[in-house]
Each structure stands twice: as C-alpha cells, then as structure tokens.
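> Sharing model_7.txt, compact mmCIF, C-alpha atoms and all ligand atoms:
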```txt
# COMPACT_ATOMS: atom_id res chain seq x y z
CA MET A 862 0.00 0.00 0.00
CA THR A 863 1.36 3.42 -0.90
CA THR A 864 0.16 6.90 -0.16
CA GLN A 865 0.63 7.91 -3.83
CA THR A 866 -2.64 6.85 -5.42
CA GLY A 867 -2.75 8.94 -8.60
CA SER A 868 -5.21 11.66 -9.45
CA THR A 869 -7.31 10.60 -12.44
CA PRO A 870 -10.74 8.90 -12.52
CA ALA A 871 -8.98 5.80 -13.90
CA ASP A 872 -6.78 5.75 -10.78
CA LEU A 873 -9.90 5.88 -8.67
CA VAL A 874 -11.49 3.00 -10.60
CA ARG A 875 -8.32 0.94 -10.11
CA MET A 876 -8.54 1.64 -6.40
CA VAL A 877 -12.22 0.63 -6.29
CA ASN A 878 -11.48 -2.59 -8.15
CA GLY A 879 -8.66 -3.50 -5.76
CA TYR A 880 -10.88 -6.09 -4.11
CA GLN A 881 -10.81 -8.11 -7.35
CA VAL A 882 -7.03 -8.42 -7.18
CA SER A 883 -7.30 -9.39 -3.54
CA GLN A 884 -9.81 -12.20 -4.21
CA ALA A 885 -7.90 -13.39 -7.30
CA LEU A 886 -4.75 -13.68 -5.16
CA ALA A 887 -6.66 -15.58 -2.49
CA VAL A 888 -7.99 -18.07 -5.05
CA ALA A 889 -4.52 -18.60 -6.53
CA ALA A 890 -3.16 -19.16 -3.01
CA GLU A 891 -6.00 -21.55 -2.15
CA LEU A 892 -5.20 -23.58 -5.28
CA GLY A 893 -1.49 -23.56 -4.40
CA ILE A 894 -0.55 -22.16 -7.82
CA ALA A 895 2.74 -20.62 -6.66
CA ASP A 896 3.83 -23.93 -5.10
CA LEU A 897 2.89 -25.85 -8.24
CA ILE A 898 4.87 -23.48 -10.46
CA GLY A 899 7.82 -22.99 -8.12
CA ASP A 900 10.85 -21.92 -10.16
CA MET A 901 9.55 -23.43 -13.39
CA GLU A 902 7.48 -22.37 -16.37
CA VAL A 903 4.30 -24.48 -16.40
CA SER A 904 1.39 -24.78 -18.85
CA VAL A 905 -2.07 -23.88 -17.64
CA GLY A 906 -3.23 -27.38 -18.61
CA GLU A 907 -0.78 -28.97 -16.16
CA LEU A 908 -1.70 -26.46 -13.48
CA ALA A 909 -5.44 -27.05 -13.94
CA ALA A 910 -4.97 -30.82 -13.66
CA ALA A 911 -2.79 -30.55 -10.55
CA ALA A 912 -5.00 -27.95 -8.83
CA GLU A 913 -8.29 -29.58 -9.89
CA ALA A 914 -9.46 -26.38 -11.58
CA HIS A 915 -11.33 -25.54 -14.80
CA GLU A 916 -8.60 -24.94 -17.38
CA ASP A 917 -10.05 -21.92 -19.18
CA ALA A 918 -11.23 -20.20 -15.99
CA LEU A 919 -7.83 -20.81 -14.42
CA TYR A 920 -6.17 -19.31 -17.49
CA ARG A 921 -8.31 -16.18 -17.11
CA LEU A 922 -7.34 -15.94 -13.43
CA LEU A 923 -3.62 -16.35 -14.12
CA ARG A 924 -3.44 -13.91 -17.02
CA ALA A 925 -5.21 -11.33 -14.86
CA LEU A 926 -2.65 -11.86 -12.10
CA ALA A 927 0.12 -11.69 -14.69
CA SER A 928 -1.23 -8.30 -15.76
CA VAL A 929 -0.52 -6.95 -12.27
CA GLY A 930 2.93 -8.50 -12.03
CA VAL A 931 2.37 -11.52 -9.80
CA LEU A 932 3.00 -14.07 -12.56
CA HIS A 933 4.59 -13.83 -15.98
CA GLU A 934 2.63 -15.12 -18.97
CA HIS A 935 4.72 -16.86 -21.67
CA PRO A 936 3.57 -17.85 -25.17
CA GLY A 937 1.31 -20.95 -25.34
CA ARG A 938 -0.47 -20.26 -22.03
CA HIS A 939 2.58 -21.05 -19.91
CA PHE A 940 3.22 -19.21 -16.63
CA SER A 941 6.10 -18.61 -14.24
CA MET A 942 6.11 -16.72 -10.94
CA THR A 943 7.65 -13.24 -10.85
CA GLN A 944 9.86 -12.22 -7.95
CA LEU A 945 6.82 -10.57 -6.35
CA GLY A 946 4.70 -13.70 -6.84
CA GLN A 947 7.34 -15.91 -5.20
CA GLY A 948 6.05 -14.55 -1.88
CA LEU A 949 2.91 -16.63 -2.43
CA ARG A 950 4.90 -19.88 -2.16
CA ARG A 951 4.40 -21.57 1.16
CA ASP A 952 8.12 -22.34 1.40
CA ALA A 953 9.32 -18.82 0.48
CA PRO A 954 11.22 -16.85 3.11
CA GLY A 955 8.72 -14.27 4.34
CA SER A 956 5.85 -16.13 2.62
CA ILE A 957 2.48 -14.42 2.87
CA ALA A 958 0.52 -17.39 1.48
CA GLY A 959 -1.30 -17.94 4.78
CA TRP A 960 -2.31 -14.29 5.08
CA VAL A 961 -3.68 -14.20 1.52
CA ARG A 962 -5.84 -17.30 2.06
CA HIS A 963 -7.18 -15.97 5.36
CA MET A 964 -8.07 -12.52 3.99
CA GLY A 965 -9.91 -14.06 1.05
CA ALA A 966 -11.70 -16.79 3.02
CA PRO A 967 -15.47 -16.39 2.48
CA TYR A 968 -16.39 -16.07 6.16
CA TYR A 969 -13.85 -13.23 6.60
CA TRP A 970 -14.65 -11.57 3.28
CA ASN A 971 -18.33 -11.50 4.31
CA ALA A 972 -17.47 -9.61 7.49
CA TRP A 973 -15.77 -6.90 5.40
CA SER A 974 -18.90 -6.68 3.25
CA ASN A 975 -20.61 -5.56 6.47
CA LEU A 976 -18.26 -2.56 7.01
CA LEU A 977 -21.13 -0.15 6.37
CA HIS A 978 -22.88 -1.51 9.46
CA SER A 979 -19.79 -0.74 11.57
CA VAL A 980 -19.45 2.75 10.21
CA ARG A 981 -23.14 3.51 10.76
CA THR A 982 -23.29 2.10 14.28
CA GLY A 983 -19.74 1.80 15.60
CA GLU A 984 -20.49 -1.88 16.20
CA ASN A 985 -18.32 -4.80 15.22
CA ALA A 986 -19.26 -6.03 11.72
CA PHE A 987 -18.32 -9.66 12.37
CA LYS A 988 -20.48 -9.99 15.47
CA ALA A 989 -23.43 -8.27 13.81
CA LEU A 990 -23.21 -10.76 10.95
CA TYR A 991 -22.50 -14.01 12.81
CA GLY A 992 -23.85 -13.33 16.29
CA THR A 993 -20.54 -14.23 17.90
CA ASP A 994 -16.98 -12.90 18.09
CA VAL A 995 -14.15 -14.06 15.82
CA TRP A 996 -12.42 -16.08 18.55
CA SER A 997 -15.52 -18.13 19.52
CA TYR A 998 -16.41 -18.56 15.84
CA ARG A 999 -13.00 -19.97 15.02
CA SER A 1000 -12.76 -22.11 18.16
CA GLU A 1001 -15.62 -24.20 16.75
CA ARG A 1002 -14.33 -24.30 13.17
CA PRO A 1003 -10.96 -26.06 12.77
CA ARG A 1004 -10.52 -25.02 9.13
CA GLU A 1005 -11.00 -21.31 9.81
CA ASN A 1006 -8.92 -21.61 12.99
CA ASP A 1007 -6.05 -23.27 11.08
CA LEU A 1008 -6.30 -20.67 8.31
CA PHE A 1009 -6.10 -17.81 10.82
CA ASN A 1010 -3.18 -19.29 12.76
CA ALA A 1011 -1.31 -19.93 9.53
CA ALA A 1012 -2.09 -16.35 8.47
CA MET A 1013 -0.65 -14.90 11.66
CA ALA A 1014 2.40 -17.16 11.45
CA SER A 1015 2.83 -16.11 7.83
CA LEU A 1016 2.55 -12.40 8.52
CA THR A 1017 4.64 -12.58 11.67
CA GLY A 1018 7.24 -14.64 9.82
CA SER A 1019 7.57 -11.92 7.20
CA GLN A 1020 8.08 -9.30 9.96
CA THR A 1021 10.36 -11.33 12.20
CA ILE A 1022 13.69 -10.59 10.55
CA ALA A 1023 13.03 -6.84 10.81
CA LEU A 1024 12.00 -7.26 14.42
CA LEU A 1025 15.01 -9.32 15.44
CA SER A 1026 17.40 -6.93 13.73
CA SER A 1027 15.93 -3.96 15.64
CA TYR A 1028 15.53 -5.30 19.15
CA ASP A 1029 17.84 -7.34 21.38
CA PHE A 1030 15.77 -9.99 23.16
CA SER A 1031 18.86 -11.87 24.40
CA ARG A 1032 19.08 -9.80 27.62
CA PHE A 1033 15.97 -11.60 28.94
CA GLY A 1034 16.41 -14.97 30.69
CA THR A 1035 12.80 -16.08 30.22
CA ILE A 1036 10.55 -14.61 27.56
CA ALA A 1037 6.79 -15.22 27.61
CA ASP A 1038 4.82 -14.72 24.41
CA VAL A 1039 1.25 -14.01 25.49
CA GLY A 1040 -1.22 -14.85 22.72
CA GLY A 1041 1.76 -16.26 20.86
CA GLY A 1042 -0.31 -18.36 18.46
CA ASN A 1043 1.48 -21.48 17.28
CA GLY A 1044 4.84 -20.19 18.54
CA ALA A 1045 6.29 -18.91 15.24
CA LEU A 1046 7.67 -15.66 16.69
CA LEU A 1047 8.92 -17.16 19.96
CA ALA A 1048 10.65 -19.96 18.05
CA HIS A 1049 12.57 -17.37 15.99
CA ILE A 1050 13.48 -15.37 19.09
CA LEU A 1051 14.73 -18.45 20.93
CA GLN A 1052 16.77 -19.51 17.91
CA ARG A 1053 18.40 -16.06 17.97
CA CYS A 1054 18.86 -16.12 21.79
CA PRO A 1055 20.35 -19.53 22.66
CA HIS A 1056 20.62 -18.71 26.39
CA SER A 1057 16.98 -17.64 26.82
CA LYS A 1058 14.00 -19.79 27.72
CA GLY A 1059 10.47 -19.32 26.48
CA ILE A 1060 6.89 -19.66 27.66
CA LEU A 1061 4.25 -19.78 24.94
CA PHE A 1062 0.76 -18.88 26.12
CA ASP A 1063 -2.44 -19.02 24.07
CA GLN A 1064 -5.84 -20.68 23.95
CA GLU A 1065 -6.01 -24.48 24.21
CA HIS A 1066 -7.17 -25.07 20.62
CA VAL A 1067 -4.37 -22.81 19.34
CA VAL A 1068 -1.36 -24.05 21.32
CA SER A 1069 -2.15 -27.64 20.38
CA GLY A 1070 -0.27 -26.93 17.12
CA ALA A 1071 2.73 -25.38 18.89
CA PRO A 1072 4.88 -28.38 19.91
CA ALA A 1073 5.40 -29.34 16.26
CA GLU A 1074 6.40 -25.75 15.34
CA LEU A 1075 8.80 -25.46 18.31
CA SER A 1076 10.34 -28.82 17.62
CA ARG A 1077 10.85 -27.97 13.92
CA ALA A 1078 12.75 -24.88 15.11
CA GLY A 1079 14.80 -27.01 17.54
CA VAL A 1080 13.77 -24.97 20.60
CA ASP A 1081 11.14 -27.25 22.19
CA ASP A 1082 13.52 -28.21 25.03
CA ARG A 1083 13.71 -24.52 26.08
CA CYS A 1084 10.07 -23.60 25.72
CA ALA A 1085 7.09 -24.40 27.92
CA VAL A 1086 3.65 -24.36 26.33
CA VAL A 1087 0.78 -23.16 28.52
CA ALA A 1088 -2.92 -22.98 27.59
CA GLY A 1089 -5.33 -20.47 29.10
CA SER A 1090 -7.10 -17.16 28.69
CA PHE A 1091 -5.29 -13.85 29.14
CA PHE A 1092 -8.49 -12.43 30.60
CA GLU A 1093 -7.94 -14.73 33.61
CA THR A 1094 -4.23 -15.36 33.97
CA VAL A 1095 -0.83 -15.26 32.31
CA PRO A 1096 2.06 -17.53 33.39
CA PRO A 1097 4.23 -15.94 36.11
CA GLY A 1098 8.02 -15.95 36.23
CA ALA A 1099 9.09 -14.40 32.92
CA ASP A 1100 11.53 -11.49 32.61
CA ALA A 1101 9.75 -10.12 29.54
CA TYR A 1102 6.15 -10.45 28.39
CA ILE A 1103 5.66 -10.07 24.66
CA MET A 1104 2.22 -9.30 23.27
CA LYS A 1105 2.31 -9.02 19.52
CA SER A 1106 -0.85 -8.04 17.67
CA ILE A 1107 -2.98 -8.74 20.74
CA LEU A 1108 -4.11 -5.44 22.21
CA HIS A 1109 -5.15 -4.01 18.84
CA ASP A 1110 -7.77 -6.78 18.73
CA TYR A 1111 -9.66 -5.20 21.65
CA THR A 1112 -11.46 -2.05 22.72
CA ASP A 1113 -9.68 0.11 25.32
CA ASP A 1114 -11.62 -1.43 28.22
CA ARG A 1115 -10.91 -5.03 27.20
CA ALA A 1116 -7.27 -4.28 26.35
CA ALA A 1117 -6.76 -2.66 29.78
CA GLU A 1118 -8.24 -5.80 31.40
CA ILE A 1119 -5.58 -7.93 29.66
CA LEU A 1120 -2.83 -5.57 30.77
CA ARG A 1121 -4.06 -5.67 34.37
CA VAL A 1122 -3.95 -9.48 34.33
CA CYS A 1123 -0.43 -9.26 32.96
CA ARG A 1124 0.49 -6.67 35.60
CA LYS A 1125 -0.48 -9.15 38.35
CA ALA A 1126 2.07 -11.63 36.99
CA THR A 1127 4.89 -9.07 36.90
CA SER A 1128 7.11 -7.45 39.49
CA SER A 1129 9.58 -4.60 39.19
CA GLY A 1130 12.35 -5.26 36.70
CA VAL A 1131 10.03 -7.14 34.38
CA MET A 1132 9.51 -5.69 30.89
CA LEU A 1133 6.30 -5.57 28.91
CA LEU A 1134 6.94 -5.66 25.14
CA VAL A 1135 3.88 -4.74 23.13
CA ILE A 1136 4.63 -5.24 19.45
CA GLU A 1137 2.09 -3.27 17.45
CA ARG A 1138 1.67 -0.57 14.86
CA VAL A 1139 1.37 3.08 15.92
CA VAL A 1140 -1.04 5.27 13.94
CA GLY A 1141 0.89 7.85 11.91
CA PRO A 1142 0.08 11.50 11.10
CA PRO A 1143 -2.85 12.62 8.90
CA ASN A 1144 -2.65 11.66 5.19
CA GLU A 1145 0.02 9.00 5.77
CA ASP A 1146 0.40 5.41 6.90
CA PRO A 1147 -2.34 3.53 5.00
CA GLN A 1148 -1.11 0.16 6.34
CA THR A 1149 -1.98 1.09 9.91
CA LYS A 1150 -5.16 2.96 9.05
CA PHE A 1151 -6.56 0.07 6.98
CA SER A 1152 -5.43 -2.39 9.62
CA ASP A 1153 -7.50 -0.25 11.99
CA LEU A 1154 -10.57 -0.83 9.78
CA ASN A 1155 -9.75 -4.53 9.79
CA MET A 1156 -9.86 -4.37 13.60
CA LEU A 1157 -13.24 -2.60 13.48
CA VAL A 1158 -14.67 -5.23 11.13
CA ALA A 1159 -13.29 -8.45 12.58
CA PRO A 1160 -11.97 -8.64 16.14
CA ASP A 1161 -13.59 -5.42 17.47
CA GLY A 1162 -10.39 -3.58 18.30
CA ARG A 1163 -8.45 -0.57 17.03
CA GLU A 1164 -4.99 0.69 16.10
CA ARG A 1165 -3.67 3.43 18.39
CA THR A 1166 -1.54 6.57 18.34
CA GLU A 1167 1.45 6.75 20.68
CA ALA A 1168 -0.54 8.95 23.06
CA GLU A 1169 -3.36 6.36 23.10
CA TRP A 1170 -0.87 3.58 23.79
CA ARG A 1171 0.54 5.59 26.70
CA GLU A 1172 -2.92 6.04 28.16
CA LEU A 1173 -3.77 2.36 27.73
CA PHE A 1174 -0.52 1.26 29.40
CA ALA A 1175 -1.33 3.53 32.36
CA ALA A 1176 -4.84 2.06 32.65
CA GLY A 1177 -3.24 -1.41 32.76
CA GLY A 1178 -0.64 -0.55 35.44
CA PHE A 1179 2.38 0.08 33.19
CA ARG A 1180 4.39 3.13 32.16
CA LEU A 1181 5.26 3.39 28.48
CA GLU A 1182 9.04 3.88 28.23
CA ARG A 1183 9.89 3.80 24.51
CA ALA A 1184 8.26 2.91 21.19
CA ILE A 1185 11.13 1.54 19.11
CA PRO A 1186 10.54 1.54 15.33
CA THR A 1187 11.39 -1.50 13.21
CA PRO A 1188 11.61 -1.69 9.40
CA SER A 1189 8.44 -3.86 9.37
CA GLY A 1190 6.28 -0.89 10.41
CA PHE A 1191 5.69 -2.47 13.83
CA ARG A 1192 7.12 -0.88 16.96
CA VAL A 1193 8.39 -2.55 20.07
CA ILE A 1194 6.59 -0.59 22.76
CA GLU A 1195 8.33 -1.08 26.09
CA GLY A 1196 6.43 -0.79 29.34
CA VAL A 1197 7.48 -1.13 32.97
CA PRO A 1198 5.21 -1.92 35.91
CA VAL A 1199 4.21 1.06 38.06
C1 LIG B 1201 -3.90 -11.57 16.11
S1 LIG B 1201 -3.37 -13.06 16.79
C2 LIG B 1201 -1.67 -12.75 17.14
C3 LIG B 1201 -0.83 -13.99 17.23
C4 LIG B 1201 0.68 -13.75 17.42
N1 LIG B 1201 0.95 -12.98 18.63
C5 LIG B 1201 1.26 -13.07 16.20
O1 LIG B 1201 1.48 -11.86 16.22
O2 LIG B 1201 1.48 -13.78 15.20
C6 LIG B 1201 -4.13 -13.01 18.40
C7 LIG B 1201 -3.80 -14.23 19.24
O3 LIG B 1201 -4.47 -14.07 20.51
C8 LIG B 1201 -4.96 -15.33 20.89
N2 LIG B 1201 -6.07 -15.17 21.85
C9 LIG B 1201 -7.31 -14.68 21.58
N3 LIG B 1201 -8.04 -14.68 22.71
C10 LIG B 1201 -7.25 -15.19 23.69
C11 LIG B 1201 -7.43 -15.42 25.08
N4 LIG B 1201 -8.58 -15.13 25.68
N5 LIG B 1201 -6.39 -15.93 25.79
C12 LIG B 1201 -5.20 -16.21 25.18
N6 LIG B 1201 -4.96 -16.00 23.86
C13 LIG B 1201 -5.98 -15.50 23.13
C14 LIG B 1201 -5.40 -15.95 19.58
O4 LIG B 1201 -5.55 -17.34 19.68
C15 LIG B 1201 -4.28 -15.52 18.64
O5 LIG B 1201 -3.24 -16.45 18.63
```
With the file now loaded, output its structure as structure tokens.


Amino acid sequence: MTTQTGSTPADLVRMVNGYQVSQALAVAAELGIADLIGDMEVSVGELAAAAEAHEDALYRLLRALASVGVLHEHPGRHFSMTQLGQGLRRDAPGSIAGWVRHMGAPYYWNAWSNLLHSVRTGENAFKALYGTDVWSYRSERPRENDLFNAAMASLTGSQTIALLSSYDFSRFGTIADVGGGNGALLAHILQRCPHSKGILFDQEHVVSGAPAELSRAGVDDRCAVVAGSFFETVPPGADAYIMKSILHDYTDDRAAEILRVCRKATSSGVMLLVIERVVGPPNEDPQTKFSDLNMLVAPDGRERTEAEWRELFAAGGFRLERAIPTPSGFRVIEGVPV
C-alpha cells in the first residue's frame, strides 16, 4: 500500500477494483498455484490438472494476475512466478501465502462486506453478521482456525527478521509470548537467543499446534507451552512479556483488562513488550489505518496513536518507556510496571 494513489478517474477505478485483485490472489493461493509453479514455467493445462481447476477459468485468473505483475505469462499459455509472486509460495522466506488465504476466506470476506454496518453504528461487523466474536467462531471451526493461525504465522514470519534486527531480546532470561499463536515468533526469538528460555501462552485449541512448530525450530527443550485465557491469567516468572498483535484486537476497556492481568504476573524489573503498529500522522500510513478498519470489522479492536498507547498502558498498570521503530512498520513498545 502506498500513499501515492494517482489523481485521475482511472486511478480511482483501479482503487475501487482493488478487491478483485485481492480475491484473485486468495484463489490462486488456495489452489497452491505458486507452489505448483515454483521456479519453473508451467502450462495452464498442467496447473489445472494438478490444482483440480477448470482450465479456461484458471487461465483467465492467471493472465489477470500476470497483468498486475504476480505471474509472468509466456507464449502458449505457460506461466512462471515473478519475484513478487514468489512470496505466495508456502516455502518462500517471508511467505504471505497464509495471510492471503485468510483474507480471502469467504467467512472473513463477508465480514468486510458488512463494514457499512460498523461505520453507521460503531459496532463490530463480524459480530453483527455471525452473532458471535471471531475467537468463539474460530474455536468451533478447525478449518478457519487453522487458516487464521497460519495467516498470523505467515505475517509474523515476514516481519520477524526486521523485528530481530531492531531489538535485542537476548538480555531476557525467560521470555513469555502471550497470545503467541502457534509459537512462530517465539521460536525465531529463541533460535536467535540460545541462552533464553520461552513460555508460549495461548488458547487451548491454538497451542495444540505449537509443539510441532517449536520442535521444527529445535527450541522445544527450552520452551514451555501453557494454555489459558489472558483475561484470567498469564504464566508468572518471565523477565519479559511479549504481546504481539494482541491489544489491537480489543477495545480500550478489554485491552486494559488484559494488561491488568499481565500486571499481576509481573514485578519490578520485568519488561512488557507490546509489538504493534502506531497510527501515523494525517494523510500518511495507509497500512496502519486500513489495519484499523480490519480491527473494526473483525476482532472489534483498534490501532492506536502513541498517546493512546501511553494512556492504555497507564490504565493497565504500566508506564510506556519507549516505542522503538522496526523496518516492518511495527514498533516494540516497552512498558514497565508502576
Ligand atoms: C492476532 S493473533 C496474534 C498472534 C501472534 N501474537 C502473532 O502476532 O502472530 C491473536 C492471538 O491471541 C490469541 N487469543 C485470543 N483470545 C485469547 C485469550 N482469551 N487468551 C489467550 N490467547 C488468546 C489468539 O488465539 C491468537 O493467537
């Protein structure tokens, strides 16, 4: 996303039609097209057979994606992935395949189609549509739950290198990742910090996938996995408590509740590390401002300015010390107990 959007009616139409690119990418990711093509040049016939798709319709999808630079179309209806499109491969470093599939999944797409309701009422679009919140919805639907966890791991994976190059986690003996999903971020941190131990904390149906992830990363012997709800408890005894992309999922009241629970588990000398975006000045920072709409539509949260983060920390029993920028656009927002 850029701030430069052009100035002609055609630019505006392109912007309006952006959802078509988004859904086309999601379908290609769902069919695993980037994995099937890999580094090769493959005919649409072979791709259709392997992906169990209609050959002509698949051709129309792929040539459209080639027109925006995700694939390259060769003579005879053959396709290869461009450098940009390589990011759709599941095995690519910084792959965003999981995120693309999640954003285009029908249940999630439908919630966005209810944005008008949120803007009219201030209410959460997802809940108005489904009668329940995203977390309860997914806890009963393994496919959507797996898609979401893979999406977070995918997005976090693409941000991790930037994060690790900007912040030294090795000074902490034990690092807890609260709402750490399937452990993707903590696994990377522990790999980078061989003398640190980890505690991964998330909901039961989410952490069940963590041991495999931690063992793949070779850090399972240094990482405890704990299931529970951060509205009730977080594991005591860590020197740093990471919360990445957690508090933006909640309203101020709910987010402060989580911080207060975390505060109970901490004593002086312990560091809170909230890894989140910080809303930028007017007319800039579309990533954060559209992520904010995503929070309004799906989990019922919001993105915050630095002043709002400071206020929220105070309501939760912490003092905001620094908000350290990273090249990923996320900041490491340090807090100390007061
Ligand atoms: C947006 S995801 C962020 C995951 C991970 N921190 C990351 O950045 O990739 C929010 C996480 O909070 C977890 N979560 C939601 N409600 C929770 C609760 N009540 N207790 C513990 N974890 C919860 C979800 O399962 C999910 O893993």

> Using only C-alpha atoms and all ligand atoms, determine which residues fall within 9 Å of ligand LIG 1201 (chain B), then list them as a PyMOL selection string.

chain A and resi 995-997+1000+1006+1009-1018+1038-1046+1062-1068+1088-1095+1103-1110+1119+1136-1137+1160

> Please report, as a Markdown table, each residue of stretch 954-1019 of chain A lying at most 7 Å from stretch 883-887 of chain A, together with the nearest pair of atoms and the separation in Å rounded to one decimal; use all atoms listed in the file, and order rows by chain and ascending residue number.


```
| residue | atom | partner | partner_atom | distance |
| --- | --- | --- | --- | --- |
| A:Val961 | CA | A:Ala887 | CA | 5.2 |
| A:Arg962 | CA | A:Ala887 | CA | 4.9 |
| A:Gly965 | CA | A:Ala887 | CA | 5.0 |
```

> For the atom pair atom CA of A:Tyr1111 and atom CA of A:Trp973, what is the interatomic distance in Å to one decimal place?

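Between atom CA of A:Tyr1111 and atom CA of A:Trp973 the gap is 17.4 Å.
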
> I'd like the interatomic distance between atom CA of A:Gly1059 and atom CA of A:Asp1081, to a tenth of an Å.

9.0 Å

> Go ahead and compute the interatomic distance for atom CA of A:Ser1026 and atom CA of A:Ser956, in Å to one decimal.

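Straight-line distance from atom CA of A:Ser1026 to atom CA of A:Ser956 works out to 18.5 Å.
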
> Would you mind listing what lies within 12 Å of stretch 911-919 of chain A as a PyMOL selection string, with only C-alpha atoms counted and same-chain residues fewer than 3 positions away left out?

chain A and resi 885+888-898+903-908+922-926+938-940

> Can you tell me, as a list in words, what residues are no more than 9 Å from A:Gln1020 when counting all atoms listed in the file, ignoring any on the same chain fewer than 3 positions away?

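In the requested form, the answer reads Gly955, Ser1015, Leu1016, Thr1017, Ala1023, Leu1024, Leu1025, Pro1188, Ser1189, Gly1190 and Phe1191 of chain A.
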
> Could I get stretch 1093-1101 of chain A from the block written out with all heavy atoms, as a PDB file, in the first residue's frame?


```pdb
ATOM      1  N   GLU A1093      -7.934 -14.151  32.253  1.00  0.00           N
ATOM      2  CA  GLU A1093      -7.944 -14.728  33.609  1.00  0.00           C
ATOM      3  C   GLU A1093      -6.561 -14.776  34.230  1.00  0.00           C
ATOM      4  O   GLU A1093      -6.380 -14.495  35.403  1.00  0.00           O
ATOM      5  CB  GLU A1093      -8.521 -16.144  33.542  1.00  0.00           C
ATOM      6  CG  GLU A1093     -10.018 -16.125  33.255  1.00  0.00           C
ATOM      7  CD  GLU A1093     -10.517 -17.401  32.625  1.00  0.00           C
ATOM      8  OE1 GLU A1093      -9.811 -18.428  32.726  1.00  0.00           O
ATOM      9  OE2 GLU A1093     -11.600 -17.365  32.025  1.00  0.00           O
ATOM     10  N   THR A1094      -5.568 -15.168  33.415  1.00  0.00           N
ATOM     11  CA  THR A1094      -4.233 -15.359  33.970  1.00  0.00           C
ATOM     12  C   THR A1094      -3.190 -15.303  32.853  1.00  0.00           C
ATOM     13  O   THR A1094      -3.532 -15.519  31.698  1.00  0.00           O
ATOM     14  CB  THR A1094      -4.149 -16.753  34.660  1.00  0.00           C
ATOM     15  OG1 THR A1094      -2.850 -16.952  35.154  1.00  0.00           O
ATOM     16  CG2 THR A1094      -4.467 -17.880  33.694  1.00  0.00           C
ATOM     17  N   VAL A1095      -1.954 -14.992  33.222  1.00  0.00           N
ATOM     18  CA  VAL A1095      -0.833 -15.263  32.310  1.00  0.00           C
ATOM     19  C   VAL A1095       0.237 -15.941  33.170  1.00  0.00           C
ATOM     20  O   VAL A1095       0.296 -15.710  34.387  1.00  0.00           O
ATOM     21  CB  VAL A1095      -0.256 -14.000  31.626  1.00  0.00           C
ATOM     22  CG1 VAL A1095      -1.310 -13.267  30.811  1.00  0.00           C
ATOM     23  CG2 VAL A1095       0.391 -13.059  32.615  1.00  0.00           C
ATOM     24  N   PRO A1096       1.083 -16.787  32.583  1.00  0.00           N
ATOM     25  CA  PRO A1096       2.058 -17.526  33.393  1.00  0.00           C
ATOM     26  C   PRO A1096       3.029 -16.582  34.107  1.00  0.00           C
ATOM     27  O   PRO A1096       3.539 -15.653  33.473  1.00  0.00           O
ATOM     28  CB  PRO A1096       2.800 -18.392  32.376  1.00  0.00           C
ATOM     29  CG  PRO A1096       2.015 -18.342  31.120  1.00  0.00           C
ATOM     30  CD  PRO A1096       1.190 -17.091  31.150  1.00  0.00           C
ATOM     31  N   PRO A1097       3.271 -16.796  35.392  1.00  0.00           N
ATOM     32  CA  PRO A1097       4.234 -15.941  36.108  1.00  0.00           C
ATOM     33  C   PRO A1097       5.670 -16.351  35.784  1.00  0.00           C
ATOM     34  O   PRO A1097       5.896 -17.374  35.150  1.00  0.00           O
ATOM     35  CB  PRO A1097       3.913 -16.236  37.579  1.00  0.00           C
ATOM     36  CG  PRO A1097       3.362 -17.622  37.577  1.00  0.00           C
ATOM     37  CD  PRO A1097       2.710 -17.851  36.240  1.00  0.00           C
ATOM     38  N   GLY A1098       6.619 -15.527  36.223  1.00  0.00           N
ATOM     39  CA  GLY A1098       8.024 -15.946  36.234  1.00  0.00           C
ATOM     40  C   GLY A1098       8.851 -15.537  35.030  1.00  0.00           C
ATOM     41  O   GLY A1098      10.031 -15.872  34.971  1.00  0.00           O
ATOM     42  N   ALA A1099       8.273 -14.811  34.075  1.00  0.00           N
ATOM     43  CA  ALA A1099       9.091 -14.405  32.920  1.00  0.00           C
ATOM     44  C   ALA A1099       9.763 -13.061  33.211  1.00  0.00           C
ATOM     45  O   ALA A1099       9.313 -12.288  34.058  1.00  0.00           O
ATOM     46  CB  ALA A1099       8.234 -14.303  31.667  1.00  0.00           C
ATOM     47  N   ASP A1100      10.842 -12.786  32.479  1.00  0.00           N
ATOM     48  CA  ASP A1100      11.528 -11.489  32.610  1.00  0.00           C
ATOM     49  C   ASP A1100      10.984 -10.482  31.599  1.00  0.00           C
ATOM     50  O   ASP A1100      11.160  -9.275  31.755  1.00  0.00           O
ATOM     51  CB  ASP A1100      13.036 -11.670  32.370  1.00  0.00           C
ATOM     52  CG  ASP A1100      13.614 -12.687  33.335  1.00  0.00           C
ATOM     53  OD1 ASP A1100      13.545 -12.430  34.546  1.00  0.00           O
ATOM     54  OD2 ASP A1100      14.089 -13.746  32.889  1.00  0.00           O
ATOM     55  N   ALA A1101      10.378 -11.007  30.536  1.00  0.00           N
ATOM     56  CA  ALA A1101       9.751 -10.122  29.540  1.00  0.00           C
ATOM     57  C   ALA A1101       8.465 -10.789  29.064  1.00  0.00           C
ATOM     58  O   ALA A1101       8.416 -12.003  28.878  1.00  0.00           O
ATOM     59  CB  ALA A1101      10.687  -9.900  28.363  1.00  0.00           C
TER      60      ALA A1101
END
```
